[in-house]
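Peer 1: Please find model01.cif (mmCIF, C-alpha atoms) on the next line:
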data_final
#
loop_
_atom_site.label_atom_id
_atom_site.label_comp_id
_atom_site.auth_asym_id
_atom_site.auth_seq_id
_atom_site.Cartn_x
_atom_site.Cartn_y
_atom_site.Cartn_z
CA MET T 1 120.38 169.97 113.26
CA GLN T 2 120.62 166.59 111.56
CA SER T 3 121.98 166.47 108.02
CA ALA T 4 119.96 165.21 105.08
CA TRP T 5 122.16 162.11 104.86
CA THR T 6 121.47 161.28 108.49
CA LEU T 7 117.72 161.75 108.03
CA LEU T 8 117.76 159.53 104.95
CA SER T 9 119.74 156.73 106.59
CA TRP T 10 118.66 153.40 108.03
CA GLY T 11 118.39 152.95 111.77
CA PRO T 12 117.04 154.90 114.75
CA GLN T 13 118.27 158.30 113.55
CA GLY T 14 117.09 157.93 109.97
CA TRP T 15 113.73 157.54 108.28
CA LEU T 16 114.67 155.34 105.34
CA ASP T 17 113.38 152.16 106.99
CA ASP T 18 109.96 153.77 107.56
CA ILE T 19 109.81 155.08 104.00
CA GLY T 20 110.94 151.67 102.73
CA TYR T 21 108.01 150.10 104.55
CA GLY T 22 105.75 152.68 102.89
CA VAL T 23 107.09 151.61 99.49
CA PHE T 24 106.26 147.99 100.34
CA VAL T 25 102.70 148.94 101.37
CA THR T 26 102.17 151.05 98.25
CA ALA T 27 103.44 148.34 95.89
CA SER T 28 101.47 145.63 97.71
CA LEU T 29 98.27 147.66 97.53
CA ALA T 30 98.67 148.37 93.81
CA VAL T 31 99.50 144.73 92.98
CA ALA T 32 96.58 143.43 95.09
CA THR T 33 94.14 145.90 93.52
CA LEU T 34 95.10 145.20 89.91
CA PRO T 35 93.58 141.70 89.49
CA VAL T 36 90.43 142.77 91.35
CA GLY T 37 89.96 145.76 89.08
CA LEU T 38 90.73 143.80 85.91
CA ALA T 39 88.31 140.99 86.77
CA ILE T 40 85.45 143.31 87.68
CA GLY T 41 86.15 145.55 84.68
CA PHE T 42 86.09 142.58 82.30
CA PHE T 43 82.71 141.34 83.54
CA VAL T 44 81.27 144.85 83.55
CA ALA T 45 82.37 145.20 79.91
CA LEU T 46 80.63 141.90 79.11
CA ALA T 47 77.49 143.20 80.82
CA LYS T 48 77.58 146.48 78.88
CA GLN T 49 77.57 144.66 75.55
CA SER T 50 75.10 141.99 76.61
CA PRO T 51 71.85 141.57 74.63
CA GLU T 52 70.05 141.60 77.99
CA PRO T 53 68.88 145.21 78.66
CA SER T 54 69.01 144.85 82.46
CA LEU T 55 72.69 143.87 82.35
CA ARG T 56 73.53 146.79 80.07
CA ILE T 57 71.73 149.21 82.39
CA ALA T 58 73.47 147.78 85.46
CA GLY T 59 76.88 148.04 83.77
CA ASN T 60 76.25 151.63 82.70
CA ILE T 61 75.05 152.62 86.17
CA TYR T 62 78.15 151.03 87.72
CA THR T 63 80.59 152.90 85.49
CA THR T 64 78.67 156.17 85.78
CA ILE T 65 78.79 156.06 89.58
CA PHE T 66 82.44 155.16 90.06
CA ARG T 67 83.75 157.30 87.21
CA GLY T 68 81.70 160.23 88.46
CA LEU T 69 82.69 160.14 92.13
CA PRO T 70 86.08 161.52 93.24
CA GLU T 71 88.43 158.69 94.20
CA LEU T 72 88.95 160.10 97.69
CA LEU T 73 85.20 160.27 98.31
CA THR T 74 84.81 156.64 97.13
CA LEU T 75 87.58 155.66 99.54
CA PHE T 76 85.82 157.37 102.46
CA LEU T 77 82.46 155.82 101.54
CA VAL T 78 83.95 152.32 101.45
CA PHE T 79 86.04 152.73 104.60
CA TYR T 80 83.43 154.36 106.83
CA GLY T 81 80.37 152.86 105.16
CA ALA T 82 81.65 149.30 105.49
CA GLN T 83 82.50 149.93 109.11
CA ILE T 84 79.02 151.25 109.90
CA GLY T 85 77.34 148.41 107.97
CA LEU T 86 79.36 145.67 109.68
CA GLN T 87 78.84 147.30 113.07
CA LYS T 88 75.07 147.19 112.61
CA LEU T 89 75.15 143.56 111.50
CA ILE T 90 77.27 142.52 114.46
CA HIS T 91 75.01 144.42 116.87
CA LEU T 92 72.18 142.13 115.80
CA VAL T 93 74.14 139.28 117.40
CA ASP T 94 76.13 141.06 120.11
CA PRO T 95 75.15 144.65 120.98
CA GLU T 96 78.42 145.21 122.85
CA ALA T 97 80.76 144.07 120.09
CA THR T 98 82.78 146.50 117.99
CA VAL T 99 84.41 146.09 114.60
CA GLU T 100 87.19 147.89 112.78
CA VAL T 101 87.59 147.74 109.01
CA ASN T 102 91.09 147.05 107.74
CA SER T 103 92.37 150.12 105.90
CA PHE T 104 94.36 148.02 103.42
CA VAL T 105 91.28 146.03 102.39
CA SER T 106 89.19 149.20 102.22
CA GLY T 107 91.78 150.85 100.02
CA MET T 108 91.95 147.80 97.77
CA VAL T 109 88.17 147.67 97.36
CA ALA T 110 87.77 151.41 96.76
CA LEU T 111 90.64 151.67 94.27
CA GLY T 112 89.53 148.39 92.68
CA VAL T 113 86.02 149.58 91.86
CA VAL T 114 87.33 152.89 90.50
CA PHE T 115 89.95 151.09 88.41
CA SER T 116 87.37 148.58 87.16
CA SER T 117 84.99 151.33 86.01
CA TYR T 118 87.68 152.74 83.71
CA ALA T 119 89.04 149.31 82.74
CA SER T 120 85.55 148.27 81.62
CA GLU T 121 85.60 151.06 79.03
CA VAL T 122 88.99 149.90 77.78
CA PHE T 123 87.74 146.31 77.52
CA LEU T 124 84.53 147.47 75.84
CA SER T 125 86.51 149.34 73.17
CA ALA T 126 88.70 146.28 72.68
CA PHE T 127 85.63 144.04 72.29
CA LYS T 128 84.30 146.37 69.60
CA ALA T 129 87.66 146.27 67.81
CA VAL T 130 87.53 142.46 67.46
CA PRO T 131 85.69 141.67 64.18
CA LEU T 132 82.48 139.65 64.42
CA GLY T 133 84.03 137.23 61.94
CA GLN T 134 86.38 136.05 64.69
CA TYR T 135 83.42 134.87 66.75
CA GLU T 136 81.76 133.30 63.75
CA GLY T 137 84.97 131.55 62.77
CA GLY T 138 85.25 130.01 66.23
CA TYR T 139 81.66 128.81 66.16
CA SER T 140 82.10 127.40 62.64
CA ILE T 141 84.89 125.04 63.73
CA GLY T 142 82.78 123.71 66.61
CA LEU T 143 84.01 125.84 69.51
CA SER T 144 81.56 126.77 72.24
CA LYS T 145 81.04 130.37 73.29
CA GLY T 146 83.40 129.93 76.22
CA GLN T 147 86.09 128.30 74.08
CA THR T 148 85.74 130.97 71.41
CA MET T 149 86.15 133.68 74.02
CA ARG T 150 89.17 132.00 75.64
CA LEU T 151 91.00 130.75 72.56
CA VAL T 152 90.07 133.23 69.82
CA VAL T 153 88.82 136.51 71.27
CA LEU T 154 90.74 136.88 74.54
CA PRO T 155 94.27 136.84 73.01
CA GLN T 156 93.26 139.61 70.59
CA LEU T 157 91.45 141.46 73.36
CA ILE T 158 94.56 141.54 75.56
CA ARG T 159 96.72 142.88 72.74
CA ILE T 160 94.23 145.65 71.91
CA ALA T 161 93.46 146.61 75.51
CA LEU T 162 97.05 146.48 76.81
CA PRO T 163 98.04 150.13 76.09
CA GLY T 164 94.91 151.48 77.80
CA LEU T 165 95.29 149.13 80.76
CA ALA T 166 98.95 150.12 81.09
CA ASN T 167 97.93 153.76 81.48
CA LEU T 168 95.35 152.79 84.09
CA TRP T 169 98.03 150.88 86.02
CA LEU T 170 100.18 154.01 86.23
CA ILE T 171 97.15 155.99 87.41
CA LEU T 172 96.40 153.29 90.02
CA LEU T 173 99.98 153.46 91.26
CA LYS T 174 99.60 157.19 91.90
CA ASP T 175 96.11 156.86 93.37
CA THR T 176 97.46 154.61 96.13
CA ALA T 177 98.65 157.84 97.76
CA LEU T 178 95.02 158.51 98.70
CA VAL T 179 95.00 155.71 101.27
CA SER T 180 97.16 157.85 103.56
CA ALA T 181 93.88 159.68 104.34
CA ILE T 182 92.52 156.56 106.11
CA GLY T 183 95.69 155.84 108.06
CA LEU T 184 97.48 153.32 105.85
CA SER T 185 101.25 153.69 106.11
CA ASP T 186 102.06 154.18 102.45
CA ILE T 187 104.84 156.29 100.95
CA LEU T 188 103.00 159.59 101.32
CA ARG T 189 101.94 159.00 104.93
CA GLN T 190 105.41 157.93 106.01
CA ALA T 191 106.95 160.93 104.26
CA GLY T 192 104.38 163.19 105.93
CA VAL T 193 105.16 161.81 109.39
CA ALA T 194 108.89 162.28 108.79
CA ALA T 195 108.28 165.82 107.53
CA ARG T 196 106.26 166.79 110.61
CA VAL T 197 108.71 165.30 113.09
CA THR T 198 111.91 166.63 111.51
CA LYS T 199 110.53 169.89 110.03
CA HIS T 200 112.15 168.94 106.68
CA ALA T 201 108.99 168.81 104.60
CA PHE T 202 110.60 169.63 101.26
CA LEU T 203 113.25 166.93 101.71
CA PHE T 204 110.88 164.09 102.50
CA PHE T 205 108.17 165.02 100.02
CA SER T 206 110.87 165.29 97.34
CA VAL T 207 112.03 161.79 98.28
CA ALA T 208 108.42 160.57 98.03
CA ALA T 209 108.09 162.18 94.59
CA LEU T 210 111.33 160.54 93.46
CA ILE T 211 110.13 157.12 94.67
CA TYR T 212 106.85 157.44 92.75
CA LEU T 213 108.81 158.40 89.62
CA VAL T 214 111.08 155.38 90.05
CA LEU T 215 108.06 153.09 90.45
CA ALA T 216 106.54 154.60 87.30
CA ILE T 217 109.77 154.06 85.35
CA ILE T 218 110.03 150.45 86.52
CA SER T 219 106.38 149.92 85.58
CA SER T 220 106.96 151.42 82.12
CA ILE T 221 109.89 149.08 81.53
CA GLY T 222 107.75 146.12 82.59
CA ILE T 223 104.86 147.25 80.41
CA HIS T 224 107.10 147.57 77.34
CA ALA T 225 108.46 144.07 78.01
CA ILE T 226 104.91 142.68 78.20
CA GLU T 227 103.92 144.48 75.00
CA ARG T 228 106.94 143.05 73.16
CA SER T 229 106.13 139.57 74.44
CA VAL T 230 102.50 139.86 73.31
CA SER T 231 103.59 141.15 69.90
CA ARG T 232 106.02 138.22 69.45
CA GLN T 233 103.28 135.74 70.36
CA GLU T 234 100.91 137.43 67.91
CA ASN T 235 103.51 137.29 65.14
CA ALA T 236 104.21 133.64 65.91
CA ARG T 237 100.55 132.83 65.30
#
Turn this file's structure into C-alpha cells for me.
Peer 2:
Amino acid sequence: MQSAWTLLSWGPQGWLDDIGYGVFVTASLAVATLPVGLAIGFFVALAKQSPEPSLRIAGNIYTTIFRGLPELLTLFLVFYGAQIGLQKLIHLVDPEATVEVNSFVSGMVALGVVFSSYASEVFLSAFKAVPLGQYEGGYSIGLSKGQTMRLVVLPQLIRIALPGLANLWLILLKDTALVSAIGLSDILRQAGVAARVTKHAFLFFSVAALIYLVLAIISSIGIHAIERSVSRQENAR
C-alpha cells in the first residue's frame, strides 16, 4: 500500500499535480466570476432604487429568483438549459449538428447570477447609507449625474459595501466546489477522483479542506489589505 507521502507527491505515483490543477481551476473560476457578479449586482441595485416602477419590479424579481433557488439547482438549470436552448437554435440551421456547453462558462454564469443577487442587496444598502446631500453637493458644483456617481458616490459606496462584498467573495470561493457536479475538474472533483482510485477518501478530502482553508486565509489577508488601502485613501481626502 502506498504511503500518504507518496500519494501526495508530484509525478505518476502521486496526485499532487492533479490537485494542483484543481486549485488553478477553482481560483480561475472564482476570479472570473467576481467581476461578472459585481457588475450585474451593481446595475440590479441601481434598478431596485430607480424611480421607474418597471425597473424596480424587474430587480426585485431577479433577486427573489436567484436568492430563492439553491445554488446547485441554478447550476444545473444553466448548464443543461443552455445546452438544450443552443441545440434547438442550431437545429434550425443544421438538424444534424450538436453542441456542448463549456462547464467552466456555465459555472461562471450560474455562480455569477447567484453572487450578483446577493451583491445587489449589499450595494443597495450602501446606496441608502450615502446621504442625499452628497448627490446634491455634486449637482451644485456642476457635475452631471454620471460624474456625481463616479467621483462622489462611488468612492463612498465601495468603502461601505466592502465588508459585505468580502463575505460574499468567501462564500463564492466555497461555492465553486459545486461545479464538480457538472464535470469541471476543480479541487473537490480531483480530490474525489483520487479518493476513489486510491481508497484513501479521508486523506484526500482532508487535503481539499486544508486547501480551501488556505485560500480563505489568503483571501482574508488580501481583503484586510484592501480595506486598509481604502481607509487611507478616505483619510487622505
Peer 1: When the PyMOL selection byres ((chain T and resi 148) around 12) is applied to the structure above, which residues does it catch, written out as an MDAnalysis selection string?
Peer 2: chainID T and resid 132:147 149:156
Peer 1: Quick check on the file I pasted: which residues fall under the PyMOL selection byres ((chain T and resi 179-189) around 8)? Write them as a list in words.
Peer 2: Ile19, Gly20, Tyr21, Gly22, Val23, Phe24, Val25, Thr26, Leu75, Phe76, Phe79, Ser103, Phe104, Gly107, Thr176, Ala177, Leu178, Gln190, Ala191, Gly192, Val193, Phe205 and Ala208 of chain T
Peer 1: Can you spell out as a JSON list (two decimals) with C-alpha atoms, in the frame of the given file the set of residues that the PyMOL selection byres ((chain T and resi 48) around 12) selects in the structure I just provided?
Peer 2:
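Output contents, as saved in part.json:
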[["chain", "number", "residue", "atom", "x", "y", "z"],
["T", 41, "GLY", "CA", 86.15, 145.55, 84.68],
["T", 42, "PHE", "CA", 86.09, 142.58, 82.30],
["T", 43, "PHE", "CA", 82.71, 141.34, 83.54],
["T", 44, "VAL", "CA", 81.27, 144.85, 83.55],
["T", 45, "ALA", "CA", 82.37, 145.20, 79.91],
["T", 46, "LEU", "CA", 80.63, 141.90, 79.11],
["T", 47, "ALA", "CA", 77.49, 143.20, 80.82],
["T", 49, "GLN", "CA", 77.57, 144.66, 75.55],
["T", 50, "SER", "CA", 75.10, 141.99, 76.61],
["T", 51, "PRO", "CA", 71.85, 141.57, 74.63],
["T", 52, "GLU", "CA", 70.05, 141.60, 77.99],
["T", 53, "PRO", "CA", 68.88, 145.21, 78.66],
["T", 54, "SER", "CA", 69.01, 144.85, 82.46],
["T", 55, "LEU", "CA", 72.69, 143.87, 82.35],
["T", 56, "ARG", "CA", 73.53, 146.79, 80.07],
["T", 57, "ILE", "CA", 71.73, 149.21, 82.39],
["T", 58, "ALA", "CA", 73.47, 147.78, 85.46],
["T", 59, "GLY", "CA", 76.88, 148.04, 83.77],
["T", 60, "ASN", "CA", 76.25, 151.63, 82.70],
["T", 61, "ILE", "CA", 75.05, 152.62, 86.17],
["T", 62, "TYR", "CA", 78.15, 151.03, 87.72],
["T", 63, "THR", "CA", 80.59, 152.90, 85.49],
["T", 64, "THR", "CA", 78.67, 156.17, 85.78],
["T", 117, "SER", "CA", 84.99, 151.33, 86.01],
["T", 120, "SER", "CA", 85.55, 148.27, 81.62],
["T", 121, "GLU", "CA", 85.60, 151.06, 79.03],
["T", 122, "VAL", "CA", 88.99, 149.90, 77.78],
["T", 123, "PHE", "CA", 87.74, 146.31, 77.52],
["T", 124, "LEU", "CA", 84.53, 147.47, 75.84],
["T", 125, "SER", "CA", 86.51, 149.34, 73.17],
["T", 127, "PHE", "CA", 85.63, 144.04, 72.29],
["T", 128, "LYS", "CA", 84.30, 146.37, 69.60]]
Peer 1: Closest to T:Ala4 among T:Ala119, T:Phe204, T:Ala129, T:Leu86, using all atoms listed in the file?
Peer 2: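 Nearest to T:Ala4: T:Phe204.
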Peer 1: Between T:Val130, T:Ala161, T:Leu170, T:Ile84, which has the minimum distance to T:Ile218 (counting all atoms listed in the file)?
Peer 2: T:Leu170
Peer 1: Any idea what's packed within 8 Å of T:Val113, counting only C-alpha atoms, ignoring anything in its chain fewer than 4 positions away? Could you give it as a list in words?
Peer 2: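 Skipping anything fewer than 4 positions along the chain leaves Gly37, Ile40, Phe66, Val109 and Ser117 of chain T.
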Peer 1: Let me see the file: selected residues, C-alpha atoms, as an mmCIF file, keeping the file's coordinate frame.
Peer 2:
data_model
loop_
_atom_site.group_PDB
_atom_site.id
_atom_site.type_symbol
_atom_site.label_atom_id
_atom_site.label_comp_id
_atom_site.auth_asym_id
_atom_site.auth_seq_id
_atom_site.Cartn_x
_atom_site.Cartn_y
_atom_site.Cartn_z
ATOM 1 C CA GLY T 37 89.960 145.760 89.080
ATOM 2 C CA ILE T 40 85.450 143.310 87.680
ATOM 3 C CA PHE T 66 82.440 155.160 90.060
ATOM 4 C CA VAL T 109 88.170 147.670 97.360
ATOM 5 C CA SER T 117 84.990 151.330 86.010
#
Peer 1: Using all atoms listed in the file for the distances, tell me which of T:Val114, T:Leu38, T:Val105, T:Leu92 is nearest to T:Leu69.
Peer 2: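 Ranking T:Val114, T:Leu38, T:Val105, T:Leu92 by distance to T:Leu69, first place goes to T:Val114.
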Peer 1: Leaving out stretch 225-235 of chain T and any residue of its chain fewer than 4 positions from it, which residues lie within 9 Å of it when counting all atoms listed in the file, given as a PyMOL selection string?
Peer 2: chain T and resi 155-156+158-159+162-163+220-221
Peer 1: Between atom CA of T:Leu157 and atom CA of T:Ala39, what is the distance in Å, rounded to a tenth?
Peer 2: 13.8 Å
Peer 1: Would you pick out the contacts of T:Val31 at 10 Å or less, using all atoms listed in the file, so that residues sharing its chain but fewer than 3 positions from it are not included, and give the list as a ChimeraX atom specification?
Peer 2: /T:25-28,34-36,108,169,172-173
Peer 1: Give me, please, the distance in Å between atom CA of T:Ala216 and atom CA of T:Glu71, quoted to one decimal.
Peer 2: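 Computing it gives 19.8 Å between the two atoms.
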